[in-house]
>>> print(open('entry.tsv').read())   # TSV, C-alpha atoms
chain	number	residue	atom	x	y	z
O	141	MET	CA	44.61	37.94	-26.77
O	142	GLY	CA	41.71	40.00	-28.08
O	143	PHE	CA	38.03	40.83	-27.71
O	144	ILE	CA	34.96	39.95	-29.75
O	145	ASN	CA	31.72	41.74	-28.84
O	146	GLY	CA	33.40	42.81	-25.63
O	147	PHE	CA	34.40	39.28	-24.62
O	148	ILE	CA	37.86	37.99	-23.91
O	149	CYS	CA	39.24	35.62	-26.50
O	150	LYS	CA	42.35	34.01	-25.05
O	151	GLN	CA	41.85	30.32	-25.75
O	152	ILE	CA	39.20	30.11	-28.44
O	153	THR	CA	38.26	32.16	-31.47
O	154	LEU	CA	34.55	32.95	-31.37
O	155	THR	CA	32.92	33.40	-34.77
O	156	THR	CA	29.38	33.37	-36.10
O	157	GLU	CA	29.81	29.58	-36.20
O	158	ASP	CA	31.16	29.21	-32.67
O	159	ARG	CA	28.39	26.69	-31.78
O	160	ILE	CA	29.85	24.31	-34.38
O	161	TYR	CA	33.11	24.32	-32.43
O	162	THR	CA	31.17	23.51	-29.28
O	163	TYR	CA	28.97	20.65	-30.44
O	164	LEU	CA	31.85	18.62	-31.87
O	165	LYS	CA	33.45	18.49	-28.43
O	166	ASN	CA	32.72	15.99	-25.68
O	167	GLU	CA	33.38	18.53	-22.92
O	168	ILE	CA	32.11	22.08	-22.49
O	169	HIS	CA	34.33	24.60	-20.75
O	170	LEU	CA	33.50	28.04	-19.40
O	171	SER	CA	35.24	29.54	-22.45
O	172	ASP	CA	32.65	27.82	-24.68
O	173	LEU	CA	29.81	29.59	-22.88
O	174	VAL	CA	31.18	33.14	-22.96
O	175	ASN	CA	28.60	34.56	-25.38
O	176	CYS	CA	25.61	33.41	-23.33
O	177	LEU	CA	26.92	34.62	-19.96
O	178	GLY	CA	27.37	38.34	-20.67
O	179	ASN	CA	24.63	39.48	-18.26
O	180	THR	CA	25.15	36.83	-15.60
O	181	HIS	CA	26.78	37.05	-12.16
O	182	VAL	CA	29.48	34.70	-10.87
O	183	SER	CA	30.58	33.66	-7.41
O	184	LEU	CA	34.23	32.58	-7.11
O	185	ASN	CA	36.36	30.97	-4.46
O	186	LEU	CA	37.34	33.98	-2.33
O	187	ASP	CA	41.00	33.08	-1.93
O	188	PHE	CA	41.34	32.71	-5.68
O	189	LEU	CA	39.38	35.94	-6.30
O	190	LYS	CA	41.75	37.86	-4.05
O	191	GLU	CA	44.73	36.52	-5.96
O	192	LEU	CA	43.07	37.25	-9.32
O	193	LEU	CA	42.30	40.87	-8.45
O	194	ARG	CA	45.80	41.51	-7.12
O	195	ASN	CA	47.31	39.96	-10.24
O	196	ALA	CA	45.08	41.92	-12.63
O	197	SER	CA	45.54	45.27	-10.87
O	198	GLY	CA	49.18	44.89	-9.89
O	199	THR	CA	48.36	46.19	-6.43
O	200	GLU	CA	47.44	44.86	-3.00
O	201	HIS	CA	44.41	47.16	-2.86
O	202	PRO	CA	42.57	46.98	-6.22
O	203	ALA	CA	39.47	48.76	-4.90
O	204	ILE	CA	41.37	52.05	-4.56
O	205	ASP	CA	43.20	51.81	-7.89
O	206	ARG	CA	41.30	54.29	-10.08
O	207	SER	CA	42.89	53.12	-13.33
O	208	PHE	CA	42.08	49.48	-12.66
O	209	VAL	CA	38.48	50.30	-11.65
O	210	GLU	CA	37.90	52.26	-14.86
O	211	ASN	CA	39.52	49.54	-17.00
O	212	ILE	CA	37.02	46.94	-15.74
O	213	GLY	CA	34.06	49.26	-16.29
O	214	GLY	CA	33.55	50.29	-12.65
O	215	THR	CA	32.69	53.76	-11.33
O	216	PHE	CA	35.29	55.17	-8.96
O	217	ASN	CA	33.70	56.90	-5.93
O	218	GLU	CA	35.44	60.26	-5.59
O	219	ASN	CA	34.22	60.80	-2.03
O	220	ALA	CA	35.12	57.36	-0.67
O	221	LYS	CA	38.18	57.13	-2.97
O	222	ASN	CA	37.37	53.54	-3.92
O	223	TYR	CA	35.13	51.19	-5.89
O	224	ASN	CA	33.22	49.52	-3.08
O	225	SER	CA	31.87	46.71	-5.26
O	226	ILE	CA	35.33	45.10	-5.20
O	227	ASN	CA	35.24	45.08	-1.41
O	228	THR	CA	31.82	43.39	-1.39
O	229	TRP	CA	33.11	40.79	-3.89
O	230	LEU	CA	36.08	39.99	-1.68
O	231	GLN	CA	33.85	39.71	1.39
O	232	GLY	CA	31.47	37.35	-0.40
O	233	LYS	CA	28.59	39.81	0.02
O	234	SER	CA	27.88	40.15	-3.70
O	235	THR	CA	28.59	38.32	-6.92
O	236	ILE	CA	30.72	39.57	-9.82
O	237	PRO	CA	29.05	40.62	-13.08
O	238	PHE	CA	30.46	38.31	-15.75
O	239	ASN	CA	31.14	41.19	-18.14
O	240	LYS	CA	33.46	42.69	-15.51
O	241	LEU	CA	35.03	39.33	-14.68
O	242	ILE	CA	36.20	38.74	-18.25
O	243	LYS	CA	37.76	42.22	-18.30
O	244	ILE	CA	39.60	41.37	-15.08
O	245	VAL	CA	40.82	38.13	-16.63
O	246	ALA	CA	42.02	40.04	-19.71
O	247	LEU	CA	44.21	42.22	-17.46
O	248	SER	CA	45.63	39.24	-15.58
O	249	SER	CA	47.94	36.33	-16.32
O	250	PHE	CA	45.06	33.90	-15.63
O	251	SER	CA	42.90	32.12	-18.21
O	252	LEU	CA	39.22	31.22	-18.30
O	253	ASN	CA	40.25	27.65	-17.48
O	254	ASP	CA	41.67	28.97	-14.20
O	255	ILE	CA	38.38	30.76	-13.58
O	256	GLU	CA	36.21	27.68	-14.25
O	257	ASN	CA	38.16	25.67	-11.68
O	258	ASN	CA	37.17	28.22	-9.04
O	259	VAL	CA	33.54	28.90	-9.97
O	260	ILE	CA	31.12	28.33	-7.10
O	261	SER	CA	27.91	29.49	-8.79
O	262	ILE	CA	26.51	31.36	-11.78
O	263	LYS	CA	23.17	33.16	-11.93
O	264	CYS	CA	21.35	35.51	-14.30
O	265	GLY	CA	21.29	38.46	-11.92
O	266	PRO	CA	22.28	39.61	-8.44
O	267	ARG	CA	19.36	37.70	-6.88
O	268	LYS	CA	18.57	33.98	-6.63
O	269	GLY	CA	18.36	31.40	-9.40
O	270	GLU	CA	21.97	30.25	-9.40
O	271	ILE	CA	23.49	27.02	-10.66
O	272	TYR	CA	26.55	25.21	-9.29
O	273	PRO	CA	28.20	23.67	-12.37
O	274	LYS	CA	31.34	21.56	-12.20
O	275	PHE	CA	33.42	22.24	-15.28
O	276	PRO	CA	33.94	20.82	-17.76
O	277	LEU	CA	30.33	19.87	-18.49
O	278	ARG	CA	30.37	16.46	-20.15
O	279	ILE	CA	28.29	15.70	-23.23
O	280	ASP	CA	27.02	12.34	-21.97
O	281	ASP	CA	23.86	10.31	-21.46
O	282	LYS	CA	22.75	12.47	-18.52
O	283	LEU	CA	22.86	15.65	-20.59
O	284	GLY	CA	21.21	13.69	-23.41
O	285	GLY	CA	18.43	12.72	-21.01
O	286	ILE	CA	17.86	16.36	-20.04
O	287	VAL	CA	17.62	17.49	-23.67
O	288	GLY	CA	15.43	14.49	-24.60
O	289	HIS	CA	12.98	15.10	-21.76
O	290	ILE	CA	12.75	18.80	-22.65
O	291	MET	CA	12.05	17.81	-26.26
O	292	GLY	CA	9.42	15.35	-25.03
O	293	ASP	CA	7.29	16.58	-22.12
O	294	GLY	CA	9.32	19.65	-21.25
O	295	SER	CA	10.05	23.10	-22.61
O	296	ILE	CA	12.32	26.11	-22.41
O	297	CYS	CA	10.27	29.29	-22.01
O	298	GLU	CA	10.52	31.43	-25.15
O	299	LYS	CA	10.49	34.71	-23.19
O	300	TYR	CA	12.45	33.88	-20.02
O	301	ASN	CA	14.46	30.75	-21.01
O	302	GLN	CA	13.31	28.92	-17.86
O	303	VAL	CA	13.49	25.12	-18.09
O	304	PHE	CA	10.40	23.06	-17.34
O	305	PHE	CA	9.51	19.35	-17.32
O	306	CYS	CA	6.19	17.75	-16.39
O	307	ASN	CA	5.01	14.17	-16.17
O	308	LYS	CA	2.67	11.94	-14.24
O	309	ASN	CA	5.36	9.25	-13.95
O	310	ARG	CA	7.34	9.77	-10.74
O	311	GLU	CA	10.25	7.72	-12.11
O	312	LEU	CA	10.72	10.13	-15.00
O	313	LEU	CA	10.34	13.19	-12.80
O	314	ASP	CA	12.99	11.84	-10.47
O	315	GLU	CA	15.28	10.94	-13.37
O	316	PHE	CA	15.09	14.51	-14.72
O	317	ARG	CA	15.67	15.94	-11.23
O	318	ILE	CA	18.77	13.78	-10.75
O	319	GLN	CA	20.14	14.64	-14.20
O	320	ILE	CA	19.75	18.39	-13.64
O	321	LYS	CA	21.30	18.03	-10.19
O	322	TYR	CA	24.29	16.24	-11.75
O	323	ILE	CA	24.86	18.90	-14.44
O	324	PHE	CA	23.76	22.11	-12.72
O	325	GLY	CA	23.90	21.23	-9.03
O	326	ILE	CA	20.40	22.48	-8.18
O	327	GLU	CA	16.97	21.21	-7.13
O	328	PRO	CA	13.71	22.25	-8.85
O	329	ARG	CA	10.68	24.17	-7.71
O	330	ILE	CA	7.94	21.53	-7.81
O	331	TRP	CA	4.28	22.13	-8.56
O	332	ALA	CA	1.33	19.77	-9.02
O	333	GLN	CA	-1.98	19.79	-10.84
O	334	VAL	CA	-4.84	17.45	-11.71
O	335	PRO	CA	-4.31	16.22	-15.30
O	336	VAL	CA	-6.96	18.05	-17.35
O	337	TYR	CA	-6.37	18.42	-21.09
O	338	GLY	CA	-5.38	21.96	-22.05
O	339	ARG	CA	-4.85	23.20	-18.48
O	340	THR	CA	-1.68	25.22	-17.89
O	341	SER	CA	-2.10	26.55	-14.34
O	342	TRP	CA	-0.46	24.81	-11.38
O	343	GLU	CA	-2.54	24.25	-8.26
O	344	LYS	CA	-0.15	23.67	-5.40
O	345	ARG	CA	3.54	23.78	-4.63
O	346	VAL	CA	5.20	20.75	-3.01
O	347	TYR	CA	8.76	20.26	-1.81
O	348	SER	CA	9.57	16.78	-3.05
O	349	ILE	CA	8.38	14.49	-5.83
O	350	ARG	CA	7.05	12.10	-3.18
O	351	GLU	CA	4.64	14.82	-2.02
O	352	ILE	CA	2.89	15.07	-5.41
O	353	PRO	CA	-0.64	13.69	-4.80
O	354	GLU	CA	-1.58	10.46	-6.52
O	355	ASN	CA	-2.97	10.96	-10.05
O	356	TYR	CA	-1.56	14.50	-10.19
O	357	ILE	CA	0.93	15.70	-12.79
O	358	GLY	CA	4.19	17.00	-11.37
O	359	GLY	CA	5.99	19.99	-12.85
O	360	LEU	CA	9.69	20.74	-12.29
O	361	PHE	CA	10.80	24.35	-12.83
O	362	TYR	CA	14.40	25.60	-13.20
O	363	PRO	CA	15.92	29.09	-13.55
O	364	ARG	CA	16.75	31.02	-16.72
O	365	ILE	CA	20.48	30.29	-16.55
O	366	CYS	CA	19.80	26.59	-17.29
O	367	GLY	CA	17.98	27.44	-20.51
O	368	LEU	CA	20.69	29.86	-21.61
O	369	VAL	CA	23.42	27.26	-21.16
O	370	LEU	CA	21.46	24.47	-22.87
O	371	HIS	CA	20.62	26.68	-25.84
O	372	LYS	CA	24.23	27.77	-26.15
O	373	ILE	CA	25.46	24.17	-26.29
O	374	PHE	CA	22.70	22.61	-28.41
O	375	GLY	CA	21.13	25.52	-30.29
O	376	LYS	CA	17.49	26.55	-29.83
O	377	PHE	CA	16.12	23.01	-29.80
O	378	ALA	CA	13.18	24.00	-27.57
O	379	ASN	CA	12.00	27.58	-27.88
O	380	GLY	CA	8.56	27.72	-26.32
O	381	ARG	CA	6.37	25.36	-28.34
O	382	ASN	CA	8.82	25.26	-31.22
O	383	LYS	CA	11.07	22.21	-31.01
O	384	ILE	CA	13.64	20.90	-33.46
O	385	ILE	CA	16.49	18.41	-33.43
O	386	THR	CA	19.42	20.72	-34.13
O	387	ASN	CA	22.73	20.00	-35.84
O	388	GLU	CA	24.34	20.04	-32.40
O	389	ILE	CA	22.08	17.21	-31.22
O	390	ARG	CA	22.51	15.22	-34.43
O	391	ASN	CA	26.30	15.51	-34.23
O	392	ALA	CA	26.68	14.71	-30.52
O	393	ASN	CA	28.43	11.55	-29.33
O	394	ASN	CA	26.73	8.17	-28.91
O	395	SER	CA	26.50	8.42	-25.13
O	396	PHE	CA	24.49	11.64	-25.47
O	397	LYS	CA	22.28	10.15	-28.21
O	398	LYS	CA	21.46	7.08	-26.12
O	399	GLY	CA	20.28	9.26	-23.23
O	400	PHE	CA	18.40	11.52	-25.63
O	401	LEU	CA	16.56	8.66	-27.36
O	402	ARG	CA	15.75	6.96	-24.07
O	403	ALA	CA	14.14	10.13	-22.69
O	404	MET	CA	12.20	10.75	-25.90
O	405	PHE	CA	10.78	7.21	-25.89
O	406	ASP	CA	9.96	7.44	-22.18
O	407	ASP	CA	7.97	10.63	-22.82
O	408	GLU	CA	6.51	10.15	-26.29
O	409	GLY	CA	6.96	6.46	-27.06
O	410	SER	CA	5.20	3.23	-26.13
O	411	ALA	CA	5.80	-0.52	-25.97
O	412	ASN	CA	3.01	-3.01	-26.57
O	413	SER	CA	3.61	-6.73	-26.24
O	414	SER	CA	0.10	-7.54	-27.50
O	415	SER	CA	0.52	-5.74	-30.84
O	416	HIS	CA	4.22	-6.70	-31.04
O	417	MET	CA	5.66	-3.22	-31.57
O	418	LEU	CA	7.28	-0.12	-30.16
O	419	LYS	CA	5.89	3.24	-31.24
O	420	MET	CA	6.98	6.87	-31.23
O	421	HIS	CA	4.38	9.64	-31.51
O	422	GLN	CA	4.99	13.28	-32.49
O	423	ASP	CA	3.27	16.34	-33.94
O	424	ASN	CA	6.42	17.22	-35.90
O	425	VAL	CA	7.27	14.93	-38.83
O	426	GLN	CA	10.83	16.26	-39.09
O	427	ILE	CA	11.55	15.28	-35.49
O	428	LEU	CA	10.39	11.73	-36.29
O	429	GLU	CA	12.64	11.58	-39.35
O	430	ASN	CA	15.63	12.63	-37.27
O	431	LEU	CA	14.78	10.08	-34.58
O	432	ARG	CA	14.60	7.33	-37.20
O	433	ASN	CA	18.03	8.32	-38.48
O	434	MET	CA	19.49	8.34	-34.98
O	435	LEU	CA	18.02	4.91	-34.21
O	436	SER	CA	19.50	3.49	-37.40
O	437	GLU	CA	22.96	4.47	-36.13
O	438	PHE	CA	22.45	1.87	-33.37
O	439	GLY	CA	21.22	-0.89	-35.68
O	440	ILE	CA	17.54	-0.22	-34.94
O	441	ASN	CA	15.40	-0.11	-38.08
O	442	THR	CA	12.02	1.62	-38.07
O	443	ASN	CA	8.89	1.38	-40.20
O	444	PRO	CA	7.67	4.32	-42.36
O	445	ILE	CA	6.00	7.29	-40.69
O	446	ARG	CA	2.20	7.24	-40.65
O	447	THR	CA	-0.28	10.04	-39.91
O	448	TYR	CA	-3.45	9.89	-37.80
O	449	PHE	CA	-5.79	12.43	-36.19
O	450	LYS	CA	-6.30	13.01	-32.48
O	451	ARG	CA	-8.60	15.74	-31.15
O	452	ASN	CA	-8.91	17.03	-34.74
O	453	LYS	CA	-5.15	17.47	-34.98
O	454	ALA	CA	-2.73	15.61	-37.23
O	455	ARG	CA	-0.30	13.41	-35.33
O	456	HIS	CA	2.49	11.28	-36.71
O	457	THR	CA	4.01	8.00	-35.65
O	458	PHE	CA	6.45	5.30	-36.60
O	459	SER	CA	6.74	1.79	-35.24
O	460	ILE	CA	9.59	-0.62	-34.51
O	461	THR	CA	9.00	-4.30	-35.23
O	462	GLY	CA	11.16	-7.39	-35.48
O	463	PHE	CA	13.10	-9.25	-32.81
O	464	LYS	CA	16.55	-7.88	-33.69
O	465	ASN	CA	15.19	-4.34	-33.42
O	466	TYR	CA	13.49	-5.07	-30.08
O	467	TYR	CA	16.66	-6.65	-28.77
O	468	ASN	CA	18.95	-3.83	-29.93
O	469	PHE	CA	16.56	-1.21	-28.56
O	470	ASN	CA	16.47	-2.94	-25.17
O	471	LYS	CA	20.25	-3.40	-25.10
O	472	VAL	CA	21.24	0.08	-26.29
O	473	ILE	CA	18.36	2.44	-25.42
O	474	GLY	CA	15.79	0.89	-23.08
O	475	PHE	CA	13.25	2.68	-20.90
O	476	SER	CA	13.48	4.40	-17.52
O	477	SER	CA	9.75	3.85	-17.07
O	478	SER	CA	9.53	0.48	-15.31
O	479	LYS	CA	6.09	-0.14	-16.87
O	480	LYS	CA	7.39	0.37	-20.41
O	481	GLU	CA	10.58	-1.56	-19.68
O	482	MET	CA	8.56	-4.53	-18.42
O	483	GLU	CA	6.34	-4.41	-21.50
O	484	LEU	CA	9.41	-4.43	-23.75
O	485	ARG	CA	10.91	-7.41	-21.93
O	486	THR	CA	7.59	-9.24	-22.19
O	487	LEU	CA	7.55	-8.55	-25.92
O	488	ILE	CA	11.08	-9.93	-26.34
O	489	LYS	CA	10.25	-13.08	-24.37
O	490	LYS	CA	7.10	-13.70	-26.42
O	491	VAL	CA	9.01	-13.42	-29.69
O	492	GLU	CA	11.88	-15.57	-28.42
O	493	LYS	CA	9.46	-18.43	-27.79
O	494	SER	CA	7.88	-18.31	-31.24
O	495	LYS	CA	8.67	-20.98	-33.83
O	496	PHE	CA	9.34	-18.26	-36.40
O	497	PHE	CA	12.11	-16.79	-34.24
O	498	LYS	CA	13.76	-20.15	-33.63
O	499	LYS	CA	13.86	-20.92	-37.36
O	500	LYS	CA	14.77	-17.51	-38.78
O	501	PHE	CA	16.86	-15.54	-36.31
O	502	ALA	CA	20.52	-15.53	-35.52
O	503	LEU	CA	21.43	-12.30	-33.78
O	504	PRO	CA	23.72	-9.78	-35.50
O	505	ILE	CA	23.22	-7.45	-32.54
O	506	TYR	CA	24.45	-3.88	-32.31
O	507	SER	CA	27.80	-3.56	-30.57
O	508	GLU	CA	30.06	-0.60	-29.83
>>> encode(input="entry.tsv", output="structure tokens")
Amino acid sequence: MGFINGFICKQITLTTEDRIYTYLKNEIHLSDLVNCLGNTHVSLNLDFLKELLRNASGTEHPAIDRSFVENIGGTFNENAKNYNSINTWLQGKSTIPFNKLIKIVALSSFSLNDIENNVISIKCGPRKGEIYPKFPLRIDDKLGGIVGHIMGDGSICEKYNQVFFCNKNRELLDEFRIQIKYIFGIEPRIWAQVPVYGRTSWEKRVYSIREIPENYIGGLFYPRICGLVLHKIFGKFANGRNKIITNEIRNANNSFKKGFLRAMFDDEGSANSSSHMLKMHQDNVQILENLRNMLSEFGINTNPIRTYFKRNKARHTFSITGFKNYYNFNKVIGFSSSKKEMELRTLIKKVEKSKFFKKKFALPIYSE
């Protein structure tokens, strides 16, 4: 057992490449998030906390044990002859700074896995903004949807790491809300505004997605801790306006990638049965190249990237054509937007009825 940068290292060895260890896994444990939680506060099951403190201190009354208090970085009160913070932790009146918690764990016979099974909430400071994660966090389609929507119509604030997603489509807003609720156990702050190009201010706060006025854009806002955790797992894929598909995203499992691609196409893609194609639009060519590579892993071939100008700004796009590609996309990826999903199904039905399809196509369809 040892320490790296002040953090306990019982079950994993953290190095400068510790993210590589994380992204190859299908589950994320508390021990994988140590380096991003140094300044956070944790709430634990009180019965477990009492047992942990007794075990770490070797006494029934850890708050009055000067040696133990100093070992965990506390300040012993000479007048009161105790460290009152421990008493407030045990009474549930305050949360435990994570940097003190890992020192307590280092002095105990418990592991970080024991801690994660008793975590109630984590937040970035002593005030509000907590999450209620259930460990281990699974790298699945729901987490892929969160990352995909942030890459599409969302962001993670460069300065404060707060997570944000906006859209006019209530289905997509609700999908993102449900996915965050599943992973982090929290609801968003919701704001609304009239969709005017270039506007960034939010006009009114509402308390459910249903309350967003018709033809308004809805914005979902989440606390800093969400951004810290997502960046730790997947690298800085969304840092303000700068977005990239990181190695962690590229090397995630297929379940994650399906959710990621679905969200990206819901936000930035389109389906058009009249022109017989699916399209993906982006400002960043490298993101498009990575998306094409990911789609090819599921048997979905794409056409070359093309560039066009919109509002005097270069934009880039690729299209998907051909029945087998439509079919595989619908079977494996699909849309959460009912409008886009219906358009895709219409496209497939139109092609199915064509004489060309009947003569030329047998279906070597993607399968797991």
>>> closest_residue(input="entry.tsv", among="O:Thr486, O:Ser251, O:Asn227, O:Asn166", to="Ser414 (chain O)", atoms="only C-alpha atoms")
O:Thr486
>>> residues_around(input="entry.tsv", residues="region 276-292 of chain O", least_positions_apart="3", cutoff="7 Å", atoms="all atoms listed in the file", output="PyMOL selection string")
chain O and resi 166-169+295+305+316+319-320+323+378+383+395-401+403-404+407-408
>>> residues_around(input="entry.tsv", residues="Glu191 (chain O)", least_positions_apart="6", cutoff="12 Å", atoms="only C-alpha atoms", output="mmCIF file with C-alpha atoms, in the coordinates of the input")
data_model
loop_
_atom_site.group_PDB
_atom_site.id
_atom_site.type_symbol
_atom_site.label_atom_id
_atom_site.label_comp_id
_atom_site.auth_asym_id
_atom_site.auth_seq_id
_atom_site.Cartn_x
_atom_site.Cartn_y
_atom_site.Cartn_z
ATOM 1 C CA LEU O 184 34.230 32.580 -7.110
ATOM 2 C CA ASN O 185 36.360 30.970 -4.460
ATOM 3 C CA SER O 197 45.540 45.270 -10.870
ATOM 4 C CA GLY O 198 49.180 44.890 -9.890
ATOM 5 C CA THR O 199 48.360 46.190 -6.430
ATOM 6 C CA GLU O 200 47.440 44.860 -3.000
ATOM 7 C CA HIS O 201 44.410 47.160 -2.860
ATOM 8 C CA PRO O 202 42.570 46.980 -6.220
ATOM 9 C CA LEU O 230 36.080 39.990 -1.680
ATOM 10 C CA ILE O 244 39.600 41.370 -15.080
ATOM 11 C CA VAL O 245 40.820 38.130 -16.630
ATOM 12 C CA SER O 248 45.630 39.240 -15.580
ATOM 13 C CA SER O 249 47.940 36.330 -16.320
ATOM 14 C CA PHE O 250 45.060 33.900 -15.630
ATOM 15 C CA ASP O 254 41.670 28.970 -14.200
ATOM 16 C CA ILE O 255 38.380 30.760 -13.580
ATOM 17 C CA ASN O 258 37.170 28.220 -9.040
#
>>> atom_distance(input="entry.tsv", atom1="CA of Phe377 (chain O)", atom2="CA of Arg317 (chain O)")
19.9 Å
>>> atom_distance(input="entry.tsv", atom1="CA of Ile460 (chain O)", atom2="CA of Leu313 (chain O)")
25.7 Å
>>> closest_atom_pairs(input="entry.tsv", of="region 349-427 of chain O", to="region 480-484 of chain O", cutoff="7 Å", atoms="all atoms listed in the file", output="CSV")
residue,atom,partner,partner_atom,distance
O:Ser410,CA,O:Lys480,CA,6.8
O:Ala411,CA,O:Leu484,CA,5.8
O:Asn412,CA,O:Glu483,CA,6.2
O:Ser413,CA,O:Glu483,CA,5.9
>>> closest_residue(input="entry.tsv", among="O:Asn301, O:Asn382, O:Ser171, O:Asn441", to="Tyr362 (chain O)", atoms="all atoms listed in the file")
O:Asn301
>>> atom_distance(input="entry.tsv", atom1="CA of Gly358 (chain O)", atom2="CA of Ser476 (chain O)")
16.8 Å
>>> residues_around(input="entry.tsv", residues="region 419-436 of chain O", least_positions_apart="2", cutoff="6 Å", atoms="only C-alpha atoms", output="VMD selection string")
chain O and resid 408 to 410 438 to 441 455 to 459
>>> residues_around(input="entry.tsv", residues="region 267-269 of chain O", least_positions_apart="4", cutoff="9 Å", atoms="all atoms listed in the file", output="PyMOL selection string")
chain O and resi 262-263+362-365
>>> residues_near_point(input="entry.tsv", point="(41.4, 51.0, -8.5)", cutoff="12 Å", atoms="only C-alpha atoms", output="short mmCIF file (atom, residue, chain, number, x, y, z; two decimals) with C-alpha atoms, keeping the file's coordinate frame")
data_model
loop_
_atom_site.label_atom_id
_atom_site.label_comp_id
_atom_site.auth_asym_id
_atom_site.auth_seq_id
_atom_site.Cartn_x
_atom_site.Cartn_y
_atom_site.Cartn_z
CA LEU O 193 42.30 40.87 -8.45
CA ARG O 194 45.80 41.51 -7.12
CA ALA O 196 45.08 41.92 -12.63
CA SER O 197 45.54 45.27 -10.87
CA GLY O 198 49.18 44.89 -9.89
CA THR O 199 48.36 46.19 -6.43
CA GLU O 200 47.44 44.86 -3.00
CA HIS O 201 44.41 47.16 -2.86
CA PRO O 202 42.57 46.98 -6.22
CA ALA O 203 39.47 48.76 -4.90
CA ILE O 204 41.37 52.05 -4.56
CA ASP O 205 43.20 51.81 -7.89
CA ARG O 206 41.30 54.29 -10.08
CA SER O 207 42.89 53.12 -13.33
CA PHE O 208 42.08 49.48 -12.66
CA VAL O 209 38.48 50.30 -11.65
CA GLU O 210 37.90 52.26 -14.86
CA ASN O 211 39.52 49.54 -17.00
CA ILE O 212 37.02 46.94 -15.74
CA GLY O 213 34.06 49.26 -16.29
CA GLY O 214 33.55 50.29 -12.65
CA THR O 215 32.69 53.76 -11.33
CA PHE O 216 35.29 55.17 -8.96
CA ASN O 217 33.70 56.90 -5.93
CA GLU O 218 35.44 60.26 -5.59
CA ALA O 220 35.12 57.36 -0.67
CA LYS O 221 38.18 57.13 -2.97
CA ASN O 222 37.37 53.54 -3.92
CA TYR O 223 35.13 51.19 -5.89
CA ASN O 224 33.22 49.52 -3.08
CA SER O 225 31.87 46.71 -5.26
CA ILE O 226 35.33 45.10 -5.20
CA ASN O 227 35.24 45.08 -1.41
CA ILE O 244 39.60 41.37 -15.08
#
>>> closest_residue(input="entry.tsv", among="O:Leu189, O:Ile357, O:Cys264, O:Leu312", to="Ala332 (chain O)", atoms="all atoms listed in the file")
O:Ile357
>>> closest_residue(input="entry.tsv", among="O:Asn379, O:Asn470, O:Ser478, O:Thr386", to="Ile296 (chain O)", atoms="all atoms listed in the file")
O:Asn379
